[in-house]
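Colleague: PDB, C-alpha atoms, saved as model27.pdb, coming up:
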MODEL        1
ATOM      1  CA  MET H   1       2.010 -16.526   2.576  1.00  0.00           C
ATOM      2  CA  THR H   2      -0.682 -18.630   0.938  1.00  0.00           C
ATOM      3  CA  GLU H   3      -2.644 -15.417   0.409  1.00  0.00           C
ATOM      4  CA  TYR H   4       0.414 -13.801  -1.191  1.00  0.00           C
ATOM      5  CA  GLU H   5       0.545 -16.627  -3.728  1.00  0.00           C
ATOM      6  CA  GLN H   6      -3.222 -16.760  -4.324  1.00  0.00           C
ATOM      7  CA  LEU H   7      -3.374 -13.012  -5.012  1.00  0.00           C
ATOM      8  CA  GLY H   8      -0.390 -13.136  -7.366  1.00  0.00           C
ATOM      9  CA  HIS H   9       1.734 -11.027  -5.029  1.00  0.00           C
ATOM     10  CA  MET H  10       4.381 -13.761  -5.164  1.00  0.00           C
ATOM     11  CA  SER H  11       5.031 -16.631  -7.565  1.00  0.00           C
ATOM     12  CA  VAL H  12       7.554 -19.407  -8.053  1.00  0.00           C
ATOM     13  CA  ALA H  13      10.809 -17.779  -9.207  1.00  0.00           C
ATOM     14  CA  SER H  14      11.433 -17.950 -12.936  1.00  0.00           C
ATOM     15  CA  THR H  15      14.995 -16.539 -12.857  1.00  0.00           C
ATOM     16  CA  PRO H  16      17.963 -17.016 -10.504  1.00  0.00           C
ATOM     17  CA  ALA H  17      18.003 -14.757  -7.444  1.00  0.00           C
ATOM     18  CA  ARG H  18      20.291 -11.756  -7.135  1.00  0.00           C
ATOM     19  CA  TYR H  19      19.211 -11.304  -3.530  1.00  0.00           C
ATOM     20  CA  VAL H  20      17.136 -13.397  -1.128  1.00  0.00           C
ATOM     21  CA  ILE H  21      15.157 -11.466   1.501  1.00  0.00           C
ATOM     22  CA  PRO H  22      14.940 -13.039   4.969  1.00  0.00           C
ATOM     23  CA  HIS H  23      11.469 -12.911   6.463  1.00  0.00           C
ATOM     24  CA  HIS H  24       9.589 -13.880   9.597  1.00  0.00           C
ATOM     25  CA  GLY H  25       6.125 -13.623  11.095  1.00  0.00           C
ATOM     26  CA  VAL H  26       4.944 -11.188  13.763  1.00  0.00           C
ATOM     27  CA  TRP H  27       1.765 -11.743  15.757  1.00  0.00           C
ATOM     28  CA  GLN H  28      -0.353  -8.641  16.374  1.00  0.00           C
ATOM     29  CA  VAL H  29      -2.847  -8.929  19.220  1.00  0.00           C
ATOM     30  CA  LYS H  30      -5.780  -6.525  18.850  1.00  0.00           C
ATOM     31  CA  PRO H  31      -9.285  -6.326  20.333  1.00  0.00           C
ATOM     32  CA  GLN H  32     -10.657  -7.597  17.006  1.00  0.00           C
ATOM     33  CA  GLY H  33      -8.446 -10.690  17.177  1.00  0.00           C
ATOM     34  CA  THR H  34      -4.913 -11.886  16.568  1.00  0.00           C
ATOM     35  CA  LYS H  35      -3.337 -11.274  13.171  1.00  0.00           C
ATOM     36  CA  LEU H  36      -0.120 -12.666  11.690  1.00  0.00           C
ATOM     37  CA  ARG H  37       1.920 -10.278   9.552  1.00  0.00           C
ATOM     38  CA  VAL H  38       4.960 -11.068   7.427  1.00  0.00           C
ATOM     39  CA  VAL H  39       8.071  -8.919   7.971  1.00  0.00           C
ATOM     40  CA  PHE H  40      10.704  -8.758   5.218  1.00  0.00           C
ATOM     41  CA  ASP H  41      14.237  -7.718   6.218  1.00  0.00           C
ATOM     42  CA  ALA H  42      16.035  -6.308   3.177  1.00  0.00           C
ATOM     43  CA  SER H  43      18.644  -4.790   5.527  1.00  0.00           C
ATOM     44  CA  ASN H  44      19.989  -8.249   6.370  1.00  0.00           C
ATOM     45  CA  SER H  45      23.464  -8.549   4.871  1.00  0.00           C
ATOM     46  CA  ALA H  46      24.284 -12.148   5.898  1.00  0.00           C
ATOM     47  CA  GLY H  47      27.937 -11.088   6.065  1.00  0.00           C
ATOM     48  CA  ALA H  48      27.906  -9.245   2.724  1.00  0.00           C
ATOM     49  CA  VAL H  49      25.972  -6.274   1.334  1.00  0.00           C
ATOM     50  CA  SER H  50      22.233  -6.039   1.881  1.00  0.00           C
ATOM     51  CA  LEU H  51      19.690  -4.926  -0.706  1.00  0.00           C
ATOM     52  CA  ASN H  52      18.954  -1.782   1.283  1.00  0.00           C
ATOM     53  CA  ASP H  53      22.666  -0.926   1.348  1.00  0.00           C
ATOM     54  CA  VAL H  54      22.677  -0.390  -2.406  1.00  0.00           C
ATOM     55  CA  LEU H  55      19.257   1.217  -2.900  1.00  0.00           C
ATOM     56  CA  MET H  56      18.472   4.915  -2.709  1.00  0.00           C
ATOM     57  CA  SER H  57      15.292   5.574  -0.769  1.00  0.00           C
ATOM     58  CA  GLY H  58      14.166   8.340  -3.134  1.00  0.00           C
ATOM     59  CA  PRO H  59      13.201  11.933  -2.283  1.00  0.00           C
ATOM     60  CA  LYS H  60      10.717  12.647   0.465  1.00  0.00           C
ATOM     61  CA  LEU H  61       7.209  12.849  -0.927  1.00  0.00           C
ATOM     62  CA  GLN H  62       5.311  12.446   2.332  1.00  0.00           C
ATOM     63  CA  GLN H  63       3.475  15.433   3.788  1.00  0.00           C
ATOM     64  CA  ASP H  64       4.304  16.291   7.405  1.00  0.00           C
ATOM     65  CA  LEU H  65       1.804  14.604   9.691  1.00  0.00           C
ATOM     66  CA  SER H  66       1.336  17.782  11.750  1.00  0.00           C
ATOM     67  CA  ASP H  67       0.224  19.699   8.637  1.00  0.00           C
ATOM     68  CA  ILE H  68      -2.228  16.946   7.678  1.00  0.00           C
ATOM     69  CA  LEU H  69      -3.746  16.905  11.155  1.00  0.00           C
ATOM     70  CA  ILE H  70      -4.099  20.690  11.301  1.00  0.00           C
ATOM     71  CA  ARG H  71      -5.983  20.696   7.995  1.00  0.00           C
ATOM     72  CA  PHE H  72      -8.062  17.729   9.175  1.00  0.00           C
ATOM     73  CA  ARG H  73      -9.184  19.625  12.282  1.00  0.00           C
ATOM     74  CA  SER H  74     -10.398  22.575  10.174  1.00  0.00           C
ATOM     75  CA  TYR H  75     -13.382  20.592   8.805  1.00  0.00           C
ATOM     76  CA  PRO H  76     -16.643  20.184  10.747  1.00  0.00           C
ATOM     77  CA  ILE H  77     -17.216  16.814   9.046  1.00  0.00           C
ATOM     78  CA  ALA H  78     -14.330  14.355   9.446  1.00  0.00           C
ATOM     79  CA  LEU H  79     -13.619  11.612   6.911  1.00  0.00           C
ATOM     80  CA  THR H  80     -10.767   9.095   7.063  1.00  0.00           C
ATOM     81  CA  GLY H  81     -10.018   5.854   5.252  1.00  0.00           C
ATOM     82  CA  ASP H  82      -7.299   3.272   4.700  1.00  0.00           C
ATOM     83  CA  LEU H  83      -5.874   1.919   1.445  1.00  0.00           C
ATOM     84  CA  VAL H  84      -6.084  -1.877   1.579  1.00  0.00           C
ATOM     85  CA  LYS H  85      -2.703  -3.604   1.102  1.00  0.00           C
ATOM     86  CA  MET H  86      -1.387  -0.425  -0.506  1.00  0.00           C
ATOM     87  CA  TYR H  87       2.151  -1.597  -1.274  1.00  0.00           C
ATOM     88  CA  ARG H  88       0.986  -4.970  -2.537  1.00  0.00           C
ATOM     89  CA  GLN H  89      -1.321  -3.413  -5.151  1.00  0.00           C
ATOM     90  CA  ILE H  90       1.680  -2.044  -7.076  1.00  0.00           C
ATOM     91  CA  LEU H  91       3.555  -4.373  -9.425  1.00  0.00           C
ATOM     92  CA  VAL H  92       7.345  -4.290  -9.644  1.00  0.00           C
ATOM     93  CA  CYS H  93       9.009  -4.481 -13.075  1.00  0.00           C
ATOM     94  CA  PRO H  94       9.645  -8.168 -13.888  1.00  0.00           C
ATOM     95  CA  GLU H  95      13.380  -7.611 -14.426  1.00  0.00           C
ATOM     96  CA  ASP H  96      13.697  -6.242 -10.871  1.00  0.00           C
ATOM     97  CA  ARG H  97      11.931  -9.133  -9.164  1.00  0.00           C
ATOM     98  CA  LYS H  98      15.161 -11.160  -9.071  1.00  0.00           C
ATOM     99  CA  LEU H  99      16.146  -8.842  -6.200  1.00  0.00           C
ATOM    100  CA  GLN H 100      13.001  -9.796  -4.274  1.00  0.00           C
ATOM    101  CA  HIS H 101      13.310 -13.553  -3.836  1.00  0.00           C
ATOM    102  CA  ILE H 102      12.375 -15.488  -0.723  1.00  0.00           C
ATOM    103  CA  PHE H 103      12.452 -19.107   0.382  1.00  0.00           C
ATOM    104  CA  TRP H 104       9.210 -20.604   1.664  1.00  0.00           C
ATOM    105  CA  ARG H 105       7.352 -23.821   2.289  1.00  0.00           C
ATOM    106  CA  ALA H 106       3.889 -24.107   3.767  1.00  0.00           C
ATOM    107  CA  ASP H 107       4.722 -27.287   5.698  1.00  0.00           C
ATOM    108  CA  PRO H 108       8.016 -28.618   7.123  1.00  0.00           C
ATOM    109  CA  SER H 109       7.450 -31.899   5.275  1.00  0.00           C
ATOM    110  CA  GLN H 110       7.544 -30.105   1.918  1.00  0.00           C
ATOM    111  CA  PRO H 111      10.669 -29.030   0.009  1.00  0.00           C
ATOM    112  CA  VAL H 112      11.764 -25.394   0.238  1.00  0.00           C
ATOM    113  CA  VAL H 113      10.654 -23.401  -2.827  1.00  0.00           C
ATOM    114  CA  GLU H 114      12.215 -20.216  -4.160  1.00  0.00           C
ATOM    115  CA  TYR H 115       9.652 -17.498  -4.839  1.00  0.00           C
ATOM    116  CA  GLN H 116       9.808 -13.996  -6.260  1.00  0.00           C
ATOM    117  CA  LEU H 117       7.812 -11.127  -4.758  1.00  0.00           C
ATOM    118  CA  ASN H 118       5.931  -9.428  -7.588  1.00  0.00           C
ATOM    119  CA  THR H 119       4.816  -6.273  -5.819  1.00  0.00           C
ATOM    120  CA  VAL H 120       6.281  -3.413  -3.820  1.00  0.00           C
ATOM    121  CA  THR H 121       7.492  -4.945  -0.571  1.00  0.00           C
ATOM    122  CA  TYR H 122       7.409  -3.317   2.854  1.00  0.00           C
ATOM    123  CA  GLY H 123      10.912  -3.432   4.336  1.00  0.00           C
ATOM    124  CA  ILE H 124      12.783  -2.289   1.222  1.00  0.00           C
ATOM    125  CA  ASN H 125      14.236   1.243   1.228  1.00  0.00           C
ATOM    126  CA  THR H 126      12.465   2.312  -1.950  1.00  0.00           C
ATOM    127  CA  SER H 127       9.001   1.040  -1.059  1.00  0.00           C
ATOM    128  CA  THR H 128       7.556   4.139   0.608  1.00  0.00           C
ATOM    129  CA  TYR H 129       8.668   6.344  -2.264  1.00  0.00           C
ATOM    130  CA  GLN H 130       7.278   3.908  -4.848  1.00  0.00           C
ATOM    131  CA  ALA H 131       3.915   3.681  -3.106  1.00  0.00           C
ATOM    132  CA  ILE H 132       3.413   7.413  -2.616  1.00  0.00           C
ATOM    133  CA  ARG H 133       4.699   8.215  -6.088  1.00  0.00           C
ATOM    134  CA  THR H 134       2.214   5.746  -7.585  1.00  0.00           C
ATOM    135  CA  VAL H 135      -0.691   7.438  -5.784  1.00  0.00           C
ATOM    136  CA  GLN H 136       0.546  10.811  -7.004  1.00  0.00           C
ATOM    137  CA  GLN H 137       0.671   9.540 -10.575  1.00  0.00           C
ATOM    138  CA  LEU H 138      -2.819   8.087 -10.223  1.00  0.00           C
ATOM    139  CA  ARG H 139      -4.057  11.459  -8.989  1.00  0.00           C
ATOM    140  CA  GLN H 140      -2.403  13.176 -11.949  1.00  0.00           C
ATOM    141  CA  ASP H 141      -3.762  10.722 -14.533  1.00  0.00           C
ATOM    142  CA  GLU H 142      -7.309  10.274 -13.242  1.00  0.00           C
ATOM    143  CA  GLY H 143      -7.810  13.379 -11.108  1.00  0.00           C
ATOM    144  CA  PRO H 144      -9.663  15.425 -13.762  1.00  0.00           C
ATOM    145  CA  CYS H 145     -12.552  12.924 -13.515  1.00  0.00           C
ATOM    146  CA  PHE H 146     -12.643  13.247  -9.720  1.00  0.00           C
ATOM    147  CA  PRO H 147     -11.741  16.893  -8.964  1.00  0.00           C
ATOM    148  CA  LEU H 148     -12.758  17.000  -5.290  1.00  0.00           C
ATOM    149  CA  ALA H 149     -10.900  13.787  -4.440  1.00  0.00           C
ATOM    150  CA  ALA H 150      -7.853  14.873  -6.434  1.00  0.00           C
ATOM    151  CA  ALA H 151      -7.687  18.185  -4.592  1.00  0.00           C
ATOM    152  CA  ARG H 152      -7.828  16.459  -1.197  1.00  0.00           C
ATOM    153  CA  LEU H 153      -5.245  13.822  -2.126  1.00  0.00           C
ATOM    154  CA  ALA H 154      -2.709  16.566  -2.785  1.00  0.00           C
ATOM    155  CA  ASN H 155      -2.271  17.177   0.945  1.00  0.00           C
ATOM    156  CA  SER H 156      -4.409  14.742   2.952  1.00  0.00           C
ATOM    157  CA  ILE H 157      -2.821  11.306   2.639  1.00  0.00           C
ATOM    158  CA  TYR H 158      -0.234   9.877   5.013  1.00  0.00           C
ATOM    159  CA  VAL H 159       1.252   6.730   3.395  1.00  0.00           C
ATOM    160  CA  ASP H 160      -1.886   4.517   3.219  1.00  0.00           C
ATOM    161  CA  ASP H 161      -4.191   6.668   5.378  1.00  0.00           C
ATOM    162  CA  PHE H 162      -6.527   9.316   3.986  1.00  0.00           C
ATOM    163  CA  VAL H 163      -7.183  11.994   6.620  1.00  0.00           C
ATOM    164  CA  SER H 164      -9.419  14.888   5.628  1.00  0.00           C
ATOM    165  CA  GLY H 165     -12.999  16.136   5.830  1.00  0.00           C
ATOM    166  CA  ALA H 166     -15.639  18.412   4.377  1.00  0.00           C
ATOM    167  CA  ASN H 167     -17.790  21.403   5.235  1.00  0.00           C
ATOM    168  CA  SER H 168     -21.073  19.463   4.988  1.00  0.00           C
ATOM    169  CA  VAL H 169     -22.365  15.907   4.923  1.00  0.00           C
ATOM    170  CA  GLU H 170     -23.268  16.320   1.235  1.00  0.00           C
ATOM    171  CA  GLU H 171     -19.739  17.412   0.357  1.00  0.00           C
ATOM    172  CA  ALA H 172     -18.277  14.567   2.423  1.00  0.00           C
ATOM    173  CA  ARG H 173     -20.523  12.041   0.662  1.00  0.00           C
ATOM    174  CA  LEU H 174     -19.342  13.343  -2.714  1.00  0.00           C
ATOM    175  CA  LEU H 175     -15.719  13.235  -1.532  1.00  0.00           C
ATOM    176  CA  LYS H 176     -16.073   9.625  -0.426  1.00  0.00           C
ATOM    177  CA  THR H 177     -17.700   8.596  -3.711  1.00  0.00           C
ATOM    178  CA  GLN H 178     -14.985  10.300  -5.725  1.00  0.00           C
ATOM    179  CA  LEU H 179     -12.197   8.779  -3.620  1.00  0.00           C
ATOM    180  CA  ILE H 180     -13.583   5.277  -4.173  1.00  0.00           C
ATOM    181  CA  GLY H 181     -13.865   5.911  -7.904  1.00  0.00           C
ATOM    182  CA  LEU H 182     -10.415   7.469  -8.226  1.00  0.00           C
ATOM    183  CA  PHE H 183      -8.663   4.676  -6.357  1.00  0.00           C
ATOM    184  CA  GLU H 184     -10.580   2.018  -8.287  1.00  0.00           C
ATOM    185  CA  ARG H 185      -9.065   3.449 -11.485  1.00  0.00           C
ATOM    186  CA  GLY H 186      -5.679   2.387 -10.071  1.00  0.00           C
ATOM    187  CA  GLY H 187      -6.774  -0.943  -8.634  1.00  0.00           C
ATOM    188  CA  PHE H 188      -6.830   0.242  -5.020  1.00  0.00           C
ATOM    189  CA  GLU H 189      -9.580  -0.282  -2.471  1.00  0.00           C
ATOM    190  CA  ILE H 190     -10.148   2.214   0.315  1.00  0.00           C
ATOM    191  CA  SER H 191     -11.795   0.896   3.490  1.00  0.00           C
ATOM    192  CA  LYS H 192     -11.953   1.328   7.276  1.00  0.00           C
ATOM    193  CA  TRP H 193     -13.960   4.512   6.841  1.00  0.00           C
ATOM    194  CA  SER H 194     -14.380   6.690   9.921  1.00  0.00           C
ATOM    195  CA  SER H 195     -16.414   9.853  10.340  1.00  0.00           C
ATOM    196  CA  ASN H 196     -18.317  11.862  12.899  1.00  0.00           C
ATOM    197  CA  ALA H 197     -21.277  11.668  10.471  1.00  0.00           C
ATOM    198  CA  THR H 198     -22.595   8.107  10.714  1.00  0.00           C
ATOM    199  CA  GLU H 199     -24.565   8.384   7.469  1.00  0.00           C
ATOM    200  CA  LEU H 200     -21.235   8.334   5.606  1.00  0.00           C
ATOM    201  CA  LEU H 201     -20.230   4.899   6.865  1.00  0.00           C
ATOM    202  CA  SER H 202     -22.058   2.628   4.416  1.00  0.00           C
ATOM    203  CA  PRO H 203     -19.828  -0.016   2.779  1.00  0.00           C
ATOM    204  CA  GLY H 204     -17.758   0.990  -0.266  1.00  0.00           C
ATOM    205  CA  ARG H 205     -17.321  -0.897  -3.499  1.00  0.00           C
ATOM    206  CA  SER H 206     -14.740  -3.574  -4.212  1.00  0.00           C
ATOM    207  CA  ALA H 207     -11.345  -2.943  -5.791  1.00  0.00           C
ATOM    208  CA  ALA H 208     -10.349  -3.293  -9.423  1.00  0.00           C
ATOM    209  CA  PRO H 209      -7.357  -5.341 -10.687  1.00  0.00           C
ATOM    210  CA  LEU H 210      -3.773  -4.467  -9.771  1.00  0.00           C
ATOM    211  CA  PHE H 211      -2.348  -1.142 -10.883  1.00  0.00           C
ATOM    212  CA  ASP H 212       0.567  -2.076 -13.157  1.00  0.00           C
ATOM    213  CA  THR H 213       3.593   0.271 -13.038  1.00  0.00           C
ATOM    214  CA  THR H 214       5.652  -1.887 -15.396  1.00  0.00           C
ATOM    215  CA  GLY H 215       4.596   0.080 -18.474  1.00  0.00           C
TER     216      GLY H 215
ENDMDL
END
Hey, can you dump this file as structure tokens for me?
Modeller:
Amino acid sequence: MTEYEQLGHMSVASTPARYVIPHHGVWQVKPQGTKLRVVFDASNSAGAVSLNDVLMSGPKLQQDLSDILIRFRSYPIALTGDLVKMYRQILVCPEDRKLQHIFWRADPSQPVVEYQLNTVTYGINTSTYQAIRTVQQLRQDEGPCFPLAAARLANSIYVDDFVSGANSVEEARLLKTQLIGLFERGGFEISKWSSNATELLSPGRSAAPLFDTTG
């Protein structure tokens, strides 16, 4: 939660709440170590109507995973990557943040503070649509500068995972470079690269500032 505040993904609420989202932590034990994730429950009604009860989830934009995997297996050179904190790189309109309030304190000895979540929040019905739609808009706006990456993004991304490949190492290297550049235009960072060609696995560049959808 401290990271949320430091990154600007949440801030002290400036307006009264229209809805307060319950949240809790979940420990994930992995070979790399134990990680604590925050889970937001916008389906919690607390005896009334929940936020998810009154939100439309939006049309399906996600490609079928089976189609993505079939295309992925058609390339001799595999290339996959992960969008870092995908949802949290997308700002929510300020007037809508009153529906994304939480209560939090870093220490039990401190007073409870009311915060607003400033970015798309996992656990809200609309979040998947908002995230995928933002990537589609980024592809439309910036794709002409990165034609190979734009073509792959049309049918090779599953939520925050890029799953595709190329016919040669040279093409894959160009694809990776273009993907990094395209996502940087929107403030996203793509990481956790995997490939069957080890020469493609050098570190990528850092991300740009948040992609603002409020305009």
Colleague: Write out as a PyMOL selection string the residues lying within 12 Å of Leu148 of chain H, counting only C-alpha atoms and excluding same-chain residues fewer than 3 positions away.
Modeller: chain H and resi 139+142-145+151-154+156+164-166+171-182
Colleague: How would you write, as JSON, numbers by chain, the residues chosen by the PyMOL selection byres ((chain H and resi 84) around 12) on this structure?
Modeller: {"H": [81, 82, 83, 85, 86, 87, 88, 89, 90, 159, 160, 161, 162, 180, 183, 184, 187, 188, 189, 190, 191, 192, 193, 206, 207, 208, 210]}
Colleague: Taking the file as shown, find all residues satisfying the PyMOL selection byres ((chain H and resi 53-58) around 10) and write them as a ChimeraX atom specification.
Modeller: /H:42-45,48-52,59-61,124-130,133
Colleague: Could you name the residues that touch Val92 of chain H at 10 Å or less, counting only C-alpha atoms, but leaving out those on the same chain fewer than 3 positions away, as a PyMOL selection string?
Modeller: chain H and resi 9+88-89+95-97+100+117-121+130+212-214
Colleague: With distances taken over only C-alpha atoms, which of H:Ile157, H:Gln140, H:Phe40, H:Leu7 is nearest to Gly186 of chain H?
Modeller: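 Using only C-alpha atoms, the shortest distance to Gly186 of chain H belongs to H:Gln140.
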Colleague: At what distance in Å, to one decimal, does atom CA of Asp141 of chain H lie from atom CA of Arg73 of chain H?
Modeller: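 About the pair atom CA of Arg73 of chain H and atom CA of Asp141 of chain H: they are 28.8 Å apart.
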Colleague: List the neighbours of Asp41 of chain H out to 7 Å using all atoms listed in the file; skip same-chain residues closer than 3 positions along the sequence, and give me the result as a list in words.
Modeller: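 Using all atoms listed in the file, the neighbours found are Ile21, Pro22, His23, Asn44 and Gly123 of chain H.
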Colleague: Rank nothing, just name the residue among H:Gln62, H:Phe72, H:Pro108, H:Gln116 nearest to Gly8 of chain H, using all atoms listed in the file.
Modeller: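 Nearest to Gly8 of chain H: H:Gln116.
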Colleague: Work out how far apart atom CA of Thr134 of chain H and atom CA of Arg185 of chain H are and give it in Å to one decimal.
Modeller: 12.2 Å
Colleague: Using Å and a single decimal, report how far atom CA of Gln136 of chain H sits from atom CA of Met1 of chain H.
Modeller: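 Rounded to one decimal, the two atoms are 29.0 Å apart.
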Colleague: Pick out the closest residue to Leu201 of chain H from this set: H:Ser14, H:Gln6, H:Gln137, H:Thr80. Count all atoms listed in the file.
Modeller: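 Using all atoms listed in the file, the shortest distance to Leu201 of chain H belongs to H:Thr80.
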Colleague: Near Ser74 of chain H, within 12 Å and counting only C-alpha atoms, which residues show up once chain neighbours fewer than 2 positions away are dropped, as a PyMOL selection string?
Modeller: chain H and resi 67-72+76-79+163-167
Colleague: Provide an axis-aligned box for all listed atoms of segment 56-68 of chain H, padding each side by 5 Å; report its centre and its edge lengths in Å to one decimal, as AutoDock Vina command-line options.
Modeller:
--center_x 8.1 --center_y 12.3 --center_z 4.3 --size_x 30.7 --size_y 24.8 --size_z 24.9
